[in-house]
Every structure is written in structure tokens, then in C-alpha cells.
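Next comes final33.txt, with compact mmCIF, C-alpha atoms.
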# COMPACT_ATOMS: atom_id res chain seq x y z
CA MET D 393 0.00 0.00 0.00
CA LYS D 394 2.73 2.40 1.02
CA SER D 395 4.57 1.95 -2.26
CA ARG D 396 1.63 3.13 -4.33
CA PHE D 397 1.32 6.35 -2.39
CA PHE D 398 5.01 6.98 -2.72
CA ARG D 399 4.85 6.54 -6.50
CA ARG D 400 1.80 8.71 -6.77
CA SER D 401 3.31 11.50 -4.74
CA LEU D 402 6.45 11.31 -6.86
CA ALA D 403 4.43 11.72 -10.05
CA ALA D 404 2.50 14.55 -8.45
CA ARG D 405 5.72 16.28 -7.49
CA ILE D 406 7.04 16.05 -11.02
CA ALA D 407 3.73 17.34 -12.36
CA ALA D 408 3.85 20.27 -9.94
CA PHE D 409 6.95 21.76 -11.62
CA PRO D 410 7.37 24.68 -11.67
CA PRO D 411 6.07 25.28 -8.14
CA SER D 412 3.24 27.76 -7.83
CA PRO D 413 4.11 31.12 -6.17
CA ARG D 414 2.01 30.23 -3.13
CA ARG D 415 3.96 27.04 -2.51
CA ALA D 416 7.40 28.47 -3.22
CA PRO D 417 9.70 29.66 -0.41
CA LYS D 418 9.49 33.37 0.39
CA LEU D 419 13.11 34.15 -0.45
CA MET D 420 13.03 33.09 -4.10
CA PRO D 421 15.28 35.38 -6.18
CA THR D 422 13.56 36.43 -9.41
CA ARG D 423 10.54 35.16 -11.24
CA PRO D 424 10.06 33.24 -13.43
CA VAL D 425 12.38 30.54 -12.12
CA PHE D 426 13.78 28.42 -14.91
CA LEU D 427 14.36 24.82 -13.95
CA THR D 428 17.41 23.35 -15.61
CA LEU D 429 15.79 20.13 -16.77
CA TRP D 430 19.04 18.29 -17.51
CA GLN D 431 20.20 18.92 -13.94
CA ILE D 432 17.15 17.36 -12.30
CA LYS D 433 18.08 13.79 -11.47
CA LEU D 434 15.01 11.62 -11.48
CA PRO D 435 15.50 8.24 -9.78
CA LEU D 436 15.33 5.27 -12.16
CA SER D 437 11.95 4.27 -10.74
CA GLY D 438 10.72 7.75 -11.65
CA VAL D 439 11.96 7.35 -15.22
CA VAL D 440 10.17 3.99 -15.50
CA SER D 441 7.00 5.57 -14.11
CA ILE D 442 7.07 8.53 -16.51
CA LEU D 443 7.72 6.25 -19.49
CA HIS D 444 4.88 4.00 -18.29
CA ARG D 445 2.56 6.99 -18.63
CA LEU D 446 4.09 8.15 -21.92
CA SER D 447 3.76 4.69 -23.47
CA GLY D 448 0.17 4.49 -22.22
CA VAL D 449 -0.71 7.80 -23.87
CA LEU D 450 0.99 6.68 -27.11
CA MET D 451 -1.10 3.49 -27.13
CA VAL D 452 -4.34 5.38 -26.45
CA LEU D 453 -3.55 7.59 -29.46
CA ALA D 454 -2.72 4.55 -31.62
CA LEU D 455 -5.79 2.57 -30.55
CA PRO D 456 -8.32 4.11 -32.99
CA VAL D 457 -5.89 3.63 -35.88
CA ALA D 458 -5.32 0.01 -34.86
CA ALA D 459 -9.07 -0.59 -34.71
CA ILE D 460 -9.54 0.85 -38.23
CA LEU D 461 -6.68 -1.28 -39.57
CA LEU D 462 -8.08 -4.44 -37.99
CA GLN D 463 -11.50 -3.75 -39.51
CA GLN D 464 -9.90 -3.15 -42.87
CA ALA D 465 -7.76 -6.30 -42.74
CA LEU D 466 -10.76 -8.46 -41.82
CA ARG D 467 -13.05 -7.10 -44.56
CA SER D 468 -11.65 -8.74 -47.71
CA PRO D 469 -8.48 -10.33 -49.16
CA HIS D 470 -7.89 -7.17 -51.19
CA GLU D 471 -8.07 -4.96 -48.11
CA PHE D 472 -5.93 -7.40 -46.11
CA ALA D 473 -3.20 -6.92 -48.73
CA ALA D 474 -3.56 -3.14 -48.51
CA THR D 475 -3.22 -3.25 -44.70
CA ALA D 476 -0.20 -5.55 -44.92
CA ALA D 477 1.42 -3.19 -47.45
CA LEU D 478 0.84 -0.24 -45.14
CA LEU D 479 2.33 -2.03 -42.13
CA THR D 480 5.40 -3.19 -44.09
CA SER D 481 6.15 0.25 -45.51
CA TRP D 482 8.96 2.22 -43.88
CA THR D 483 6.67 4.51 -41.90
CA GLY D 484 4.53 1.54 -40.93
CA LYS D 485 7.54 -0.40 -39.68
CA LEU D 486 8.81 2.59 -37.71
CA ALA D 487 5.40 3.20 -36.13
CA LEU D 488 5.12 -0.51 -35.29
CA LEU D 489 8.55 -0.49 -33.63
CA LEU D 490 7.62 2.55 -31.51
CA LEU D 491 4.32 0.93 -30.54
CA LEU D 492 6.05 -2.36 -29.81
CA TRP D 493 8.38 -0.57 -27.41
CA SER D 494 5.36 1.18 -25.83
CA VAL D 495 3.54 -2.11 -25.36
CA LEU D 496 6.59 -3.91 -23.94
CA HIS D 497 7.62 -1.07 -21.63
CA HIS D 498 4.04 -0.70 -20.41
CA LEU D 499 3.81 -4.46 -19.85
CA LEU D 500 7.13 -4.82 -18.00
CA ALA D 501 6.71 -1.64 -15.94
CA GLY D 502 3.11 -2.66 -15.22
CA VAL D 503 4.17 -6.08 -13.93
CA ARG D 504 6.81 -4.31 -11.81
CA HIS D 505 4.20 -1.96 -10.36
CA LEU D 506 1.83 -4.84 -9.64
CA LEU D 507 4.62 -6.69 -7.80
CA LEU D 508 5.45 -3.51 -5.85
CA ASP D 509 1.78 -3.28 -4.87
CA LEU D 510 2.13 -6.79 -3.47
CA ASP D 511 5.14 -5.56 -1.47
CA ILE D 512 7.52 -7.57 -3.66
CA GLY D 513 10.79 -5.89 -4.59
CA LEU D 514 10.29 -2.79 -2.44
CA GLU D 515 13.88 -2.80 -1.13
CA ARG D 516 15.85 0.07 -2.59
CA ASP D 517 18.50 -2.08 -4.26
CA ILE D 518 16.02 -4.49 -5.82
CA ALA D 519 13.68 -1.69 -6.93
CA ARG D 520 16.58 0.10 -8.59
CA ARG D 521 17.73 -3.05 -10.34
CA SER D 522 14.24 -3.97 -11.55
CA ALA D 523 13.81 -0.42 -12.87
CA LYS D 524 17.06 -0.72 -14.79
CA LEU D 525 15.97 -4.13 -16.10
CA VAL D 526 12.67 -2.70 -17.42
CA LEU D 527 14.40 0.27 -19.07
CA ILE D 528 16.91 -1.95 -20.87
CA ALA D 529 14.73 -4.99 -21.61
CA ALA D 530 11.84 -3.12 -23.29
CA PRO D 531 13.80 -1.70 -26.28
CA LEU D 532 15.87 -4.89 -26.63
CA LEU D 533 12.75 -7.07 -26.63
CA ALA D 534 11.07 -4.73 -29.13
CA ILE D 535 13.96 -5.17 -31.55
CA ALA D 536 14.10 -8.92 -30.88
CA VAL D 537 10.38 -9.31 -31.63
CA ARG D 538 10.74 -7.36 -34.89
CA VAL D 539 13.76 -9.41 -35.95
CA ALA D 540 12.05 -12.72 -35.05
CA GLY D 541 8.97 -11.65 -36.98
CA SER D 542 10.90 -10.59 -40.07
CA ILE D 543 12.95 -13.81 -40.15
CA ARG D 544 9.75 -15.81 -40.40
CA ALA D 545 8.24 -13.56 -43.07
CA MET Q 605 -5.60 15.16 -6.22
CA SER Q 606 -6.14 12.32 -8.65
CA ARG Q 607 -5.84 9.89 -5.77
CA HIS Q 608 -8.97 11.33 -4.18
CA ALA Q 609 -10.82 11.76 -7.45
CA SER Q 610 -10.19 8.29 -8.84
CA GLY Q 611 -11.20 6.21 -5.85
CA LEU Q 612 -10.60 2.62 -4.84
CA MET Q 613 -12.85 1.23 -7.59
CA ALA Q 614 -10.82 2.81 -10.40
CA TRP Q 615 -7.66 1.56 -8.73
CA LEU Q 616 -9.07 -1.96 -8.58
CA ILE Q 617 -10.37 -1.88 -12.18
CA GLN Q 618 -6.92 -0.77 -13.33
CA ARG Q 619 -5.19 -3.71 -11.60
CA ALA Q 620 -7.72 -6.40 -12.48
CA SER Q 621 -7.86 -5.40 -16.16
CA ALA Q 622 -4.05 -5.13 -16.20
CA VAL Q 623 -3.67 -8.79 -15.24
CA TYR Q 624 -6.02 -9.97 -18.02
CA LEU Q 625 -4.55 -7.61 -20.63
CA ALA Q 626 -1.00 -8.68 -19.74
CA LEU Q 627 -1.85 -12.33 -20.36
CA LEU Q 628 -3.71 -11.52 -23.60
CA LEU Q 629 -0.86 -9.31 -24.76
CA VAL Q 630 1.79 -11.98 -24.19
CA TYR Q 631 -0.29 -14.43 -26.22
CA LEU Q 632 -0.86 -11.88 -29.03
CA LEU Q 633 2.83 -10.96 -29.16
CA ILE Q 634 3.89 -14.61 -29.44
CA HIS Q 635 1.18 -15.43 -31.97
CA PHE Q 636 1.82 -12.47 -34.26
CA THR Q 637 5.59 -12.90 -34.04
CA PHE Q 638 5.79 -16.61 -34.78
CA TYR Q 639 2.44 -17.58 -36.30
CA ALA Q 640 1.27 -14.34 -37.92
CA PRO Q 641 -1.55 -14.97 -40.44
CA THR Q 642 -0.19 -14.39 -43.93
CA ASP Q 643 -3.50 -13.94 -45.76
CA HIS Q 644 -7.08 -12.81 -45.21
CA ALA Q 645 -8.51 -16.32 -44.80
CA ALA Q 646 -5.99 -17.19 -42.08
CA LEU Q 647 -6.75 -13.98 -40.15
CA VAL Q 648 -10.51 -14.54 -40.36
CA ALA Q 649 -10.12 -18.20 -39.33
CA TRP Q 650 -8.05 -17.10 -36.35
CA THR Q 651 -10.68 -14.62 -35.12
CA GLN Q 652 -13.42 -17.22 -35.69
CA HIS Q 653 -11.90 -19.68 -33.24
CA PRO Q 654 -14.26 -19.70 -30.23
CA LEU Q 655 -11.48 -19.27 -27.64
CA ILE Q 656 -9.82 -16.43 -29.55
CA ASN Q 657 -13.19 -14.83 -30.23
CA GLY Q 658 -14.13 -14.89 -26.56
CA ALA Q 659 -10.71 -13.70 -25.40
CA LEU Q 660 -10.76 -10.77 -27.85
CA LEU Q 661 -14.35 -9.77 -27.11
CA LEU Q 662 -13.70 -9.87 -23.35
CA GLY Q 663 -10.52 -7.91 -23.95
CA ILE Q 664 -12.33 -4.95 -25.57
CA PRO Q 665 -14.24 -3.62 -22.52
CA LEU Q 666 -11.27 -4.37 -20.26
CA LEU Q 667 -8.93 -2.50 -22.62
CA LEU Q 668 -11.32 0.45 -22.76
CA ALA Q 669 -11.68 0.57 -18.97
CA HIS Q 670 -7.91 0.33 -18.50
CA ALA Q 671 -7.22 3.03 -21.10
CA TRP Q 672 -9.89 5.29 -19.63
CA VAL Q 673 -8.62 5.14 -16.04
CA GLY Q 674 -5.06 5.66 -17.30
CA ILE Q 675 -5.71 8.60 -19.61
CA ARG Q 676 -7.97 10.15 -16.98
CA ASP Q 677 -5.19 10.02 -14.37
CA VAL Q 678 -2.72 11.55 -16.82
CA LEU Q 679 -5.04 14.38 -17.86
CA ILE Q 680 -6.01 15.16 -14.25
CA ASP Q 681 -2.33 15.30 -13.25
CA TYR Q 682 -0.93 17.42 -16.09
CA ILE Q 683 -3.70 19.56 -17.59
CA HIS Q 684 -4.38 22.30 -15.08
CA SER Q 685 -6.89 24.35 -17.07
CA LEU Q 686 -10.33 23.03 -16.20
CA ALA Q 687 -11.90 23.83 -19.59
CA LEU Q 688 -9.08 22.17 -21.54
CA ARG Q 689 -9.01 19.16 -19.22
CA LEU Q 690 -12.74 18.62 -19.48
CA SER Q 691 -12.66 18.95 -23.28
CA LEU Q 692 -9.82 16.46 -23.59
CA LEU Q 693 -11.53 14.03 -21.20
CA ILE Q 694 -14.74 14.14 -23.26
CA LEU Q 695 -12.77 13.78 -26.50
CA CYS Q 696 -10.90 10.75 -25.13
CA ALA Q 697 -14.12 9.18 -23.85
CA PHE Q 698 -15.78 9.51 -27.27
CA LEU Q 699 -12.66 8.26 -29.05
CA LEU Q 700 -12.36 5.23 -26.77
CA ILE Q 701 -16.05 4.33 -27.12
CA THR Q 702 -15.83 4.63 -30.92
CA THR Q 703 -12.70 2.48 -30.93
CA GLY Q 704 -14.44 -0.16 -28.83
CA LEU Q 705 -17.41 -0.24 -31.19
CA TRP Q 706 -15.12 -0.54 -34.22
CA LEU Q 707 -13.22 -3.45 -32.66
CA PHE Q 708 -16.46 -5.12 -31.63
CA LYS Q 709 -17.92 -4.72 -35.12
CA ALA Q 710 -14.76 -6.00 -36.81
CA ILE Q 711 -14.66 -9.19 -34.73
CA ILE Q 712 -18.42 -9.84 -34.90
CA THR Q 713 -18.70 -9.33 -38.68
CA ALA Q 714 -15.66 -11.54 -39.29
CA GLU Q 715 -17.71 -14.29 -37.66
CA PHE Q 716 -20.21 -14.22 -40.54
CA GLN Q 717 -17.63 -14.38 -43.33
CA PRO Q 718 -17.44 -17.62 -45.36
Would you mind writing the structure in this file as C-alpha cells?
Amino acid sequence: MKSRFFRRSLAARIAAFPPSPRRAPKLMPTRPVFLTLWQIKLPLSGVVSILHRLSGVLMVLALPVAAILLQQALRSPHEFAATAALLTSWTGKLALLLLLWSVLHHLLAGVRHLLLDLDIGLERDIARRSAKLVLIAAPLLAIAVRVAGSIRA
Amino acid sequence: MSRHASGLMAWLIQRASAVYLALLLVYLLIHFTFYAPTDHAALVAWTQHPLINGALLLGIPLLLAHAWVGIRDVLIDYIHSLALRLSLLILCAFLLITTGLWLFKAIITAEFQP
């Protein structure tokens, strides 16, 4: 239970940048305050969490397109060929790779979050390592799936 | 803020649907990587299989619920203007419902193909 609230409050803190004048300390120098984004060090769990959200948003945006393509592919042999041609074009392949990463990152990070909810892997060391694992495994798996798929076809 | 607005039910829906979608996704990834249908007839035959049909049809409302809770949390957290947030929420709701109907229609009509 505790882990969820920690994650939530972390996301809320990131979302609250830049701090509102009411919340900011009284002795702030000049406004507006520019946050140097490359100097903010987000913990790895935070990066996983942000990318979990980003990949989710990407998939929500892709969902209507995917539904249209599925409809089209199921309608007739002619339209199946048109859909296949679209998905094997360069832009189609690139979009598929991006979506494949989204799906895999969302899946791995989601499993990690579910385990954290069950109080598994909450220790700092393990949490850091599992975060690193998710960040590295998702793009590698995405490429592996594409390669395995293209070998067959 | 979102924690108070979303409630325990949304939290539970998100987790329960996540477990089902994770299992479905792993199956779909394996199937479309190693046994991807190469023509129209194979794709239709695949969707017509009773187990696949049921799994996909059950997956649609769960996917919609999962996507809705997720996009709602994101919009509540990052879009601070009430008017813009409300507009985007309504747009997403309509888009998700339309998507669900499209998917439903695609799978149901494939059932009646020769």
C-alpha cells in the first residue's frame, strides 16, 4: 500500500513543476524561475514511471488507428493486402517499432508496479535493479520481436 | 488530487484489467511474431476460433476501462486548465467508445464471413 502512495506522490511532485508562487519559499530570487531540466536527477523508478505513462498515452492515441486497420484487414483479401502493405512500408515499420516498445515497456513496468503493490521488490537495491531491467529490456525485446517476426516472413 | 478523485474502484479496475490484458498481450505478441496470419482467410479463421473470439471480445471492454482510467489520471495530473481538461476528457471518452465499437464490429462481422 505504502509503495503506491510513494509513487503517486512522486508523479505529483514532477507534475507540480514549476512550483506555484504560493507554494514556493518566500526568499526566491527572481521570477520566473527556470528549472534546468538536464540537472534534475530523477531516480530510475521515476523514469520507469514517466515512461509508463508516456507509453500508455501513445497506445491510447494509436488505438483508434489500430481498430480501423483491424477492420480493414478483416473485410476482404484485397483490403488485407492493402493493410499488410501499409504495415510493411517504412513509416509503418517505424510506427510498429515505436508501438512495440510502448507495449513492452508498459507491460514490464506494469508487472513491476503490480509486484510492488504486493510488497515484492520494495527494497531500494532491488527496486533500482528492476527499474534498470525494465528500461533496458523493453527496447531490446522490441527489436528482438521485430527481428524474429521478419525472419519468419 | 487524482488519488482522491479516482477512488478505490478505479484503482481496482486498473489492476484487475491489467492482469487480463497482460496475459492476452503476451499471447498476441507470441502469436503475431511466430504464427502471424499471412492472408485474409488465415486472419478470419483465427478470429473465428471460439477461444480467440471470446478472449478478444472480453478484452475490448477491459482494454477500454484500462485506457480510460489511465488517460484520466494523466489528464487530471498534467492539464491544469479546467476547460481544456474537461474537453480532452470528453474527446478521449468519445474516441475510446468509438474504438471499442469498431473493434467489436470488426470481430463480430468476421464471424459471418465464409
Rounded to one decimal, what separation in Å do you get between CA of Leu455 (chain D) and CA of Thr703 (chain Q)? 6.9 Å
Kindly determine which residues of chain Q lie within 6 Å of chain D, considering all atoms listed in the file, and give the answer as a tab-separated table (two decimals) with C-alpha atoms, in the coordinates of the input.
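Below is the file out01.tsv, written as the result:
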chain	number	residue	atom	x	y	z
Q	637	THR	CA	5.59	-12.90	-34.04
Q	644	HIS	CA	-7.08	-12.81	-45.21
Q	682	TYR	CA	-0.93	17.42	-16.09
Q	703	THR	CA	-12.70	2.48	-30.93
Q	707	LEU	CA	-13.22	-3.45	-32.66
Q	710	ALA	CA	-14.76	-6.00	-36.81
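If you count all atoms listed in the file and ignore residues fewer than 2 places along the chain from Phe708 (chain Q), what sits within 12 Å of it is Ala459, Ile460, Leu462 and Gln463 of chain D; Thr651, Asn657, Gly658, Leu660, Leu661, Leu662, Gly663, Ile664, Pro665, Leu668, Ile701, Thr702, Thr703, Gly704, Leu705, Trp706, Ala710, Ile711, Ile712, Thr713, Ala714 and Glu715 of chain Q.
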Just to confirm, what's the straight-line distance from CA of Ala622 (chain Q) to CA of Leu532 (chain D) in Å (one decimal)? 22.5 Å
Atom pair CA of Leu490 (chain D) + CA of Ala529 (chain D), distance 14.3 Å
Got a sec: who's within 12 Å of Leu525 (chain D), counting all atoms listed in the file, leaving out chain neighbours fewer than 4 positions off, as a ChimeraX atom specification? /D:436-437,440,497,500-501,504,518-521,529-533
Among Q:Leu628, Q:Leu695, Q:Ala687, Q:Leu647, Ala659 (chain Q) is approached most closely, using all atoms listed in the file, by Q:Leu628
